[in-house]
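For reference, the structure discussed in these notes is given below.
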Amino acid sequence: MRRAVVPVIRLKDKAIALWRRLVSRGRTDTRRRRPTTRGLLSFLLIIGVTGATVTGLMRLRVETTLQSFLPQGDPSVSAIEDNARSFGGDPIVVLLESRKPRQLMLDQDQFSKLLKLEGTLSRLPDVATVYGPASVMNQIAISSQAMIARISGARDALRAQAEEKARAKHLSASAVTAAGNAAVAGFERRYGALLVRGLPAGLPNTRNPNFINKVIYDASGQPRTRWHFVVPSTTSVTELVRPRQDLDEAGTGRLVSAVRAAVNDAGLKTGRVTVTGVPAVTSSLTHEVVSEMPVLGGLAVLAILLRFLIAPALTGRLRRLWPLLAAILGSVLTLAVFGWIDVPMSFGAIALFPLLLGIGSSFPLYLASFADRRRVIVVSLASSAAFGSLAVSPLPFVRELGLALGLGVLLTVVASTVLGGVFHANPTVPESPPPGTPRPSLPATRRWIILGCLVAVAGLGWAVLPKLEIQANPETLARGLPELGRAQYAERVLGSSGQVSIVLRGTDTRNAEAVRWLKRAEVAEIAKYGDQLQPVLTAPDLLSFLGDSPTSEQISAGFDLLPSYLTSAAFTPDGNQAVMTFGLKFQDLGAQTKLLDKVRATLPDPPTGYKADVVGIPVAANRAYTLVSSDRYLSNYAGIVVAGLILLIGLRRRRDGLRAILAAALATGWALAALWVLDQPLNPLTVAMGSLITVTGCEFTVLLVDVHQRRASPLQRTVAWACVTSALGYLSLVPSRIALLREFGLALAATALFSYLAAIAVVRLIRVEGHLKTERNSLPKKKSTEPVGAEV
């Protein structure tokens with residue numbers, strides 16, 4: 001009995017002792033876990049940064065307005081804005097096609113629904129004006145009725161007044177009648193011919209199909225030239241919805257959607273409906289950018305994640321992923337900054353995340369692998385400056401992308417420093433071979449011969465840079481967008497897809513001299529370039545019923561006849577500006593530039609005191625093309641020069657900075673030579689290839705110099721895997737449906753390889769000597785039992 005009790009007592013004692021130890025440990029842990037002031041401040045800082053980041057992301061706007069593709073502040077852009085204030089922005093074009101000829105115009109039910117649709121469109125928010133065939137006919141009918149009433153009233157008043165005077169003189173009845181006829185004879189000479197030419201037969205009423213038929217169509221049944229802008233053919237009509245000036249991208253998207261909804265609900269008997277125009281294309285591009293951002297960003301994260309997991313390493317799989325986390329934080333913080341400063345991101349927003357992940361995820365590895373952090377920091381500053389040098393581009397979206405990438409690199413380095421402390425990513429200096437170990441190298445003569453050949457190839461690339469074409473055809477750059485197919489179809493039906501305007505400015509553009517000049521200018525342009533320019537709406541066409549040389553009185557009478565709804569599309573209310581709008585087809589900007597230069601040269605000299613100009617989006621796009629083409633060397637040199645200066649100032653050995661500059665110049669030249677051999681054009685992004693190559697070229701060279709001096713193969717693998725990481729980030733753009741981004745991603749992936757090869761060539765062929773002992777003694781001695789980073 002006693003033997004059974006003793007083990008129980010001992011077990012009880014052990015349990016009590018264990019409980020006391022646990023309680024004591026719990027009290028100790030509780031005391032240890034009490035929040036310190038530093039910990040509390042760190043927690044509050046994390047919460048504040050997180051909240052600010054989330055708020056910034058919520059405030060972020062993506063806008064691909066046309067202004068982001070045009071040279072900001074250029075006179076050509078200012079002319080577009082001035083023209084938009086007077087006549088409205090570029091229209092949303094609604095092409096309605098019927099199954100039967102003239103069905104939408106002459107069928108009363110369809111015409112009524114068409115008129116109702118135009119009224120609905122005109123009442124939509126952010127609409128400046130709507131031009132459509134039903135409204136045109138309605139306004140002409142109203143003006144015709146009012147004019148007939150005024151003319152008839154004035155004629156009757158003149159006759160009555162003359163007859164009253166004759167009666168007061170006690171003249172005979174025949175003399176009274178003769179006096180009345182004489183009084184209205186001059187009146188009829190002034191307005192009679194105008195009525196005969198301007199008014200068709202039949203009652204001027206939209207319920208009269210004969211009236212509509214004779215106003216819109218000629219004797220052969222084809223639409224009259226002056227109405228082609230709203231009735232381009234017998235089976236089609238167009239609605240031109242001009243948005244208000246300075247409408248932002250969100251408002252444009254809502255307006256395009258509202259136009260589509262109104263057309264779908266109109267109940268028209270159409271065989272096909274096409275909604276297109278510049279606002280529709282830019283809205284579609286914005287939608288594509290917003291929808292592809294998470295997809296391409298997620299693809300970049302996945303590709304780089306697999307790279308970190310697959311690459312050989314001695315650390316745990318989860319621990320090696322912190323560089324990717326740092327790159328993601330840097331990218332997210334960059335987007336949040338743009339949200340906070342209320343600067344919308346445009347076309348470059350879709351490329352920002354993949355590029356920053358590809359470039360930025362390498363810097364955490366460098367900080368965790370290289371003992372000399374100063375070299376890594378200086379290299380990061382040089383990379384940031386090289387990206388920022390894209391600010392020299394005349395295109396706003398290229399400048400914006402460069403500045404965002406530069407800021408993103410800096411924020412990624414900051415995030416790497418913080419996370420490096422959390423994950424204890426202390427640099428580990430690999431052991432160097434014994435001093436007596438020989439370093440294999442080529443003979444000096446052979447090294448200089450090889451280097452000379454490499455420089456010659458690069459020189460060829462730099463020499464052919466002015467000869468490389470710049471691919472600036474909107475069809476090619478936007479290939480893949482659904483909206484582009486609609487624009488191309490509308491171009492086949494309407495004969496044009498863009499608009500350019502000839503603007504005459506002066507004190508009175510409605511006098512006889514100004515109208516005659518407008519007529520001469522239109523005739524001259526159509527005679528020479530009628531196969532490329534299609535008149536859309538011109539002042540001479542509106543006044544063509546007045547004859548070839550109308551007098552000022554006849555023009556004034558014509559303005560009385562035409563409704564202000566129409567005249568306001570060609571003349572400003574104060575008469576200080578007149579416009580003639582022509583349609584253009586999609587074409588390469590180089591060819592379009594030559595065409596518009598010829599159009600401008602063909603214009604006759606304007607009357608004294610007047611100024612004439614050619615304005616429109618094609619003109620501004622041509623200006624952007626010219627600026628990009630003329631600044632080829634500047635955009636390529638800028639990044640190399642700026643990054644080189646930072647390396648020369650920041651590195652302990654200036655020779656390393658010179659090697660980096662040489663590597664960047666070599667890689668850029670090789671890339672340009674490859675494009676020339678393959679007959680591949682540049683585009684608005686790759687035209688600044690030198691500044692983009694500088695980022696990786698300088699980075700790889702400076703770090704490989706350190707690797708070569710220390711003869712540390714693990715660090716060389718780190719740089720090699722950094723090249724792979726950059727290429728993966730760039731290739732994440734290839735699945736995009738936007739051709740410009742696909743080409744950009746492929747080109748940058750190739751430049752990453754060129755940069756790595758150039759860095760190896762410079763380091764191997766230009767011998768790195770000395771300074772190793774001095775630099776090693778200046779570094780803190782640190783040891784680590786476990787290498788940190790994916791490749792260390």
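By order of appearance in the structure tokens: chains A, B, ..., then residues from 1 within every chain, and ligands from 1 in the order shown.
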
Using only C-alpha atoms, which residues of range 300-368 of chain A come within 12 Å of range 394-417 of chain A, and what is the closest atom pair for each, with the distance in Å to one decimal? Give it as a tab-separated table, sorted by chain and residue number.
```
residue	atom	partner	partner_atom	distance
A:Leu321	CA	A:Ser416	CA	11.7
A:Trp322	CA	A:Ser416	CA	8.4
A:Pro323	CA	A:Ser416	CA	6.9
A:Leu324	CA	A:Ser416	CA	9.5
A:Leu325	CA	A:Ser416	CA	8.6
A:Ala326	CA	A:Ser416	CA	5.2
A:Ala327	CA	A:Thr412	CA	5.4
A:Ile328	CA	A:Thr412	CA	7.9
A:Leu329	CA	A:Ala415	CA	6.6
A:Gly330	CA	A:Thr412	CA	4.0
A:Ser331	CA	A:Gly408	CA	5.8
A:Val332	CA	A:Gly408	CA	8.6
A:Leu333	CA	A:Leu411	CA	7.1
A:Thr334	CA	A:Gly408	CA	5.4
A:Leu335	CA	A:Ala404	CA	8.1
A:Ala336	CA	A:Gly408	CA	10.7
A:Val337	CA	A:Leu407	CA	9.3
A:Phe338	CA	A:Ala404	CA	8.3
A:Gly339	CA	A:Ala404	CA	11.9
A:Val343	CA	A:Glu400	CA	9.5
A:Pro344	CA	A:Glu400	CA	9.5
A:Met345	CA	A:Glu400	CA	7.3
A:Ser346	CA	A:Phe397	CA	6.1
A:Phe347	CA	A:Phe397	CA	6.1
A:Gly348	CA	A:Leu401	CA	5.1
A:Ala349	CA	A:Leu401	CA	7.1
A:Ile350	CA	A:Leu401	CA	9.6
A:Ala351	CA	A:Leu401	CA	8.1
A:Leu352	CA	A:Leu405	CA	6.6
A:Phe353	CA	A:Leu405	CA	9.0
A:Pro354	CA	A:Leu405	CA	10.5
A:Leu355	CA	A:Leu405	CA	7.8
A:Leu356	CA	A:Leu405	CA	6.5
A:Leu357	CA	A:Thr412	CA	9.3
A:Gly358	CA	A:Val409	CA	10.7
A:Ile359	CA	A:Val409	CA	7.8
A:Gly360	CA	A:Val409	CA	5.9
A:Ser361	CA	A:Thr412	CA	7.9
A:Ser362	CA	A:Val413	CA	9.7
A:Phe363	CA	A:Val413	CA	6.5
A:Pro364	CA	A:Ser416	CA	5.1
A:Leu365	CA	A:Ser416	CA	8.8
A:Tyr366	CA	A:Ser416	CA	9.8
A:Leu367	CA	A:Ser416	CA	7.7
A:Ala368	CA	A:Ser416	CA	9.1
```

Env of range 653-661 of chain A: 6 Å cut, atoms = only C-alpha atoms, seq-sep filter 2 positions within chain, self excluded. Answer as a list in words.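 Near range 653-661 of chain A, the qualifying residues are Gly644, Leu647, Leu648, Leu651, Ala663, Ala664, Cys698 and Thr701 of chain A.
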
Restricting it to C-alpha atoms, dump the selection as a PDB file, in the first residue's frame.
```pdb
ATOM      1  CA  GLY A 644      28.746  58.197 -64.376  1.00  0.00           C
ATOM      2  CA  LEU A 647      29.852  56.891 -59.574  1.00  0.00           C
ATOM      3  CA  LEU A 648      32.947  59.062 -60.065  1.00  0.00           C
ATOM      4  CA  LEU A 651      33.182  55.483 -55.329  1.00  0.00           C
ATOM      5  CA  ALA A 663      30.366  49.168 -70.019  1.00  0.00           C
ATOM      6  CA  ALA A 664      27.146  51.192 -70.354  1.00  0.00           C
ATOM      7  CA  CYS A 698      26.865  50.372 -64.215  1.00  0.00           C
ATOM      8  CA  THR A 701      30.301  46.483 -63.639  1.00  0.00           C
TER       9      THR A 701
END
```

State, in Å with one decimal place, the distance from CA of Thr608 in chain A to CA of Thr572 in chain A.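 CA of Thr608 in chain A sits 19.7 Å away from CA of Thr572 in chain A.
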
In range 46-97 of chain A, what's strand (DSSP E) per DSSP? Answer as number ranges by chain? A: 92-97

Just the residues within 12 Å of Asn576 in chain A, please, counting only C-alpha atoms, with nothing from its chain fewer than 5 positions along; format it as a list in words. Ser86, Val503, Leu504, Arg505, Gly506, Thr507, Asp508, Thr509, Arg510, Asn511, Ala514, Ser568, Ala570, Phe571, Gly609, Tyr610, Lys611 and Ala612 of chain A

Using only N, CA, C and O atoms, please write the residues we just selected to a file, as a PDB file, in the first residue's frame.
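Ended up saving to selection11.pdb:
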```
ATOM      1  N   SER A  86     -12.888  76.892 -78.286  1.00  0.00           N
ATOM      2  CA  SER A  86     -13.784  77.552 -79.239  1.00  0.00           C
ATOM      3  C   SER A  86     -14.796  76.600 -79.858  1.00  0.00           C
ATOM      4  O   SER A  86     -15.961  76.976 -80.061  1.00  0.00           O
ATOM      5  N   VAL A 503      -7.051  76.888 -89.282  1.00  0.00           N
ATOM      6  CA  VAL A 503      -7.701  77.945 -88.499  1.00  0.00           C
ATOM      7  C   VAL A 503      -7.262  79.307 -89.026  1.00  0.00           C
ATOM      8  O   VAL A 503      -6.066  79.542 -89.243  1.00  0.00           O
ATOM      9  N   LEU A 504      -8.237  80.176 -89.257  1.00  0.00           N
ATOM     10  CA  LEU A 504      -7.973  81.562 -89.659  1.00  0.00           C
ATOM     11  C   LEU A 504      -8.407  82.464 -88.510  1.00  0.00           C
ATOM     12  O   LEU A 504      -9.545  82.371 -88.038  1.00  0.00           O
ATOM     13  N   ARG A 505      -7.503  83.334 -88.060  1.00  0.00           N
ATOM     14  CA  ARG A 505      -7.800  84.247 -86.959  1.00  0.00           C
ATOM     15  C   ARG A 505      -7.659  85.683 -87.450  1.00  0.00           C
ATOM     16  O   ARG A 505      -6.717  86.017 -88.167  1.00  0.00           O
ATOM     17  N   GLY A 506      -8.608  86.521 -87.042  1.00  0.00           N
ATOM     18  CA  GLY A 506      -8.574  87.931 -87.426  1.00  0.00           C
ATOM     19  C   GLY A 506      -9.737  88.674 -86.792  1.00  0.00           C
ATOM     20  O   GLY A 506     -10.516  88.118 -86.013  1.00  0.00           O
ATOM     21  N   THR A 507      -9.861  89.940 -87.143  1.00  0.00           N
ATOM     22  CA  THR A 507     -10.896  90.774 -86.534  1.00  0.00           C
ATOM     23  C   THR A 507     -12.298  90.362 -86.957  1.00  0.00           C
ATOM     24  O   THR A 507     -13.244  90.407 -86.169  1.00  0.00           O
ATOM     25  N   ASP A 508     -12.454  89.919 -88.227  1.00  0.00           N
ATOM     26  CA  ASP A 508     -13.777  89.520 -88.712  1.00  0.00           C
ATOM     27  C   ASP A 508     -13.583  88.473 -89.811  1.00  0.00           C
ATOM     28  O   ASP A 508     -13.268  88.811 -90.955  1.00  0.00           O
ATOM     29  N   THR A 509     -13.732  87.213 -89.456  1.00  0.00           N
ATOM     30  CA  THR A 509     -13.551  86.138 -90.438  1.00  0.00           C
ATOM     31  C   THR A 509     -14.816  85.862 -91.236  1.00  0.00           C
ATOM     32  O   THR A 509     -14.850  84.942 -92.044  1.00  0.00           O
ATOM     33  N   ARG A 510     -15.863  86.683 -91.011  1.00  0.00           N
ATOM     34  CA  ARG A 510     -17.119  86.478 -91.734  1.00  0.00           C
ATOM     35  C   ARG A 510     -17.317  87.498 -92.847  1.00  0.00           C
ATOM     36  O   ARG A 510     -18.395  87.553 -93.437  1.00  0.00           O
ATOM     37  N   ASN A 511     -16.292  88.302 -93.134  1.00  0.00           N
ATOM     38  CA  ASN A 511     -16.444  89.248 -94.244  1.00  0.00           C
ATOM     39  C   ASN A 511     -16.062  88.567 -95.558  1.00  0.00           C
ATOM     40  O   ASN A 511     -15.567  87.441 -95.584  1.00  0.00           O
ATOM     41  N   ALA A 514     -12.253  87.376 -96.052  1.00  0.00           N
ATOM     42  CA  ALA A 514     -11.876  86.202 -95.271  1.00  0.00           C
ATOM     43  C   ALA A 514     -12.516  84.936 -95.827  1.00  0.00           C
ATOM     44  O   ALA A 514     -11.871  83.882 -95.933  1.00  0.00           O
ATOM     45  N   SER A 568     -21.812  77.845 -85.669  1.00  0.00           N
ATOM     46  CA  SER A 568     -20.894  77.819 -84.522  1.00  0.00           C
ATOM     47  C   SER A 568     -19.868  76.708 -84.645  1.00  0.00           C
ATOM     48  O   SER A 568     -18.874  76.700 -83.911  1.00  0.00           O
ATOM     49  N   ALA A 570     -18.156  76.286 -87.350  1.00  0.00           N
ATOM     50  CA  ALA A 570     -17.125  76.790 -88.256  1.00  0.00           C
ATOM     51  C   ALA A 570     -16.659  78.194 -87.910  1.00  0.00           C
ATOM     52  O   ALA A 570     -15.553  78.587 -88.307  1.00  0.00           O
ATOM     53  N   PHE A 571     -17.460  78.968 -87.166  1.00  0.00           N
ATOM     54  CA  PHE A 571     -17.100  80.340 -86.790  1.00  0.00           C
ATOM     55  C   PHE A 571     -17.369  80.526 -85.304  1.00  0.00           C
ATOM     56  O   PHE A 571     -18.379  80.030 -84.775  1.00  0.00           O
ATOM     57  N   GLY A 609      -3.554  91.410 -91.681  1.00  0.00           N
ATOM     58  CA  GLY A 609      -4.141  91.460 -90.347  1.00  0.00           C
ATOM     59  C   GLY A 609      -4.689  90.137 -89.860  1.00  0.00           C
ATOM     60  O   GLY A 609      -5.201  90.055 -88.740  1.00  0.00           O
ATOM     61  N   TYR A 610      -4.579  89.082 -90.698  1.00  0.00           N
ATOM     62  CA  TYR A 610      -5.076  87.757 -90.325  1.00  0.00           C
ATOM     63  C   TYR A 610      -3.899  86.792 -90.190  1.00  0.00           C
ATOM     64  O   TYR A 610      -2.828  86.987 -90.786  1.00  0.00           O
ATOM     65  N   LYS A 611      -4.107  85.723 -89.428  1.00  0.00           N
ATOM     66  CA  LYS A 611      -3.113  84.663 -89.261  1.00  0.00           C
ATOM     67  C   LYS A 611      -3.771  83.318 -89.526  1.00  0.00           C
ATOM     68  O   LYS A 611      -4.909  83.082 -89.118  1.00  0.00           O
ATOM     69  N   ALA A 612      -3.041  82.435 -90.203  1.00  0.00           N
ATOM     70  CA  ALA A 612      -3.546  81.092 -90.506  1.00  0.00           C
ATOM     71  C   ALA A 612      -2.592  80.061 -89.936  1.00  0.00           C
ATOM     72  O   ALA A 612      -1.362  80.264 -89.912  1.00  0.00           O
TER      73      ALA A 612
END
```

What is the CA of Phe754 in chain A-CA of Ala667 in chain A distance in Å, reported with one decimal?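 Rounded to one decimal, the two atoms are 5.2 Å apart.
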
Pick out the residues sitting within 8 Å of range 231-242 of chain A, and hand them over as a VMD selection string; count only C-alpha atoms, and ignore anything fewer than 3 positions along from it in its own chain. chain A and resid 88 to 104 118 121 to 122 127 to 133 216 221 to 223 227 to 228 494

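With only C-alpha atoms as the atoms that count, the minimum distance from Trp517 in chain A to the choices A:Leu268, A:Leu285, A:Leu741, A:Leu603 is reached by A:Leu603.
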
Choose the residue, out of A:Gln532, A:Thr668, A:Thr53, A:Gln577, that has the smallest atom-to-atom separation from Ala463 in chain A; count only C-alpha atoms.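 Closest residue, counting only C-alpha atoms: A:Thr668.
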
Hey, what's within 12 Å of Gly51 in chain A if we count only C-alpha atoms and toss same-chain stuff fewer than 6 positions away? As an mmCIF file with N, CA and C atoms, in the first residue's frame, please?
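Now in around.cif:
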```cif
data_model
loop_
_atom_site.group_PDB
_atom_site.id
_atom_site.type_symbol
_atom_site.label_atom_id
_atom_site.label_comp_id
_atom_site.auth_asym_id
_atom_site.auth_seq_id
_atom_site.Cartn_x
_atom_site.Cartn_y
_atom_site.Cartn_z
ATOM 1 N N LEU A 44 3.823 52.444 -33.784
ATOM 2 C CA LEU A 44 3.038 53.567 -34.290
ATOM 3 C C LEU A 44 3.533 54.009 -35.670
ATOM 4 N N LEU A 45 4.868 53.946 -35.867
ATOM 5 C CA LEU A 45 5.424 54.326 -37.157
ATOM 6 C C LEU A 45 4.958 53.357 -38.242
ATOM 7 N N LEU A 57 -2.590 54.751 -52.173
ATOM 8 C CA LEU A 57 -3.028 53.836 -53.232
ATOM 9 C C LEU A 57 -4.480 54.084 -53.602
ATOM 10 N N MET A 58 -5.309 54.409 -52.609
ATOM 11 C CA MET A 58 -6.717 54.689 -52.894
ATOM 12 C C MET A 58 -6.874 55.991 -53.676
ATOM 13 N N LEU A 333 5.095 51.698 -52.321
ATOM 14 C CA LEU A 333 5.311 53.041 -51.775
ATOM 15 C C LEU A 333 5.411 54.077 -52.895
ATOM 16 N N ALA A 336 1.999 54.865 -54.004
ATOM 17 C CA ALA A 336 1.322 55.648 -52.966
ATOM 18 C C ALA A 336 1.767 57.103 -52.995
ATOM 19 N N TRP A 340 -0.554 60.409 -53.261
ATOM 20 C CA TRP A 340 -0.575 61.502 -52.282
ATOM 21 C C TRP A 340 -0.338 62.860 -52.925
#
```

Could you state the separation of CA of Gln488 in chain A and CA of Val62 in chain A in Å, given to one decimal place?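 Between these atoms lies a distance of 25.7 Å.
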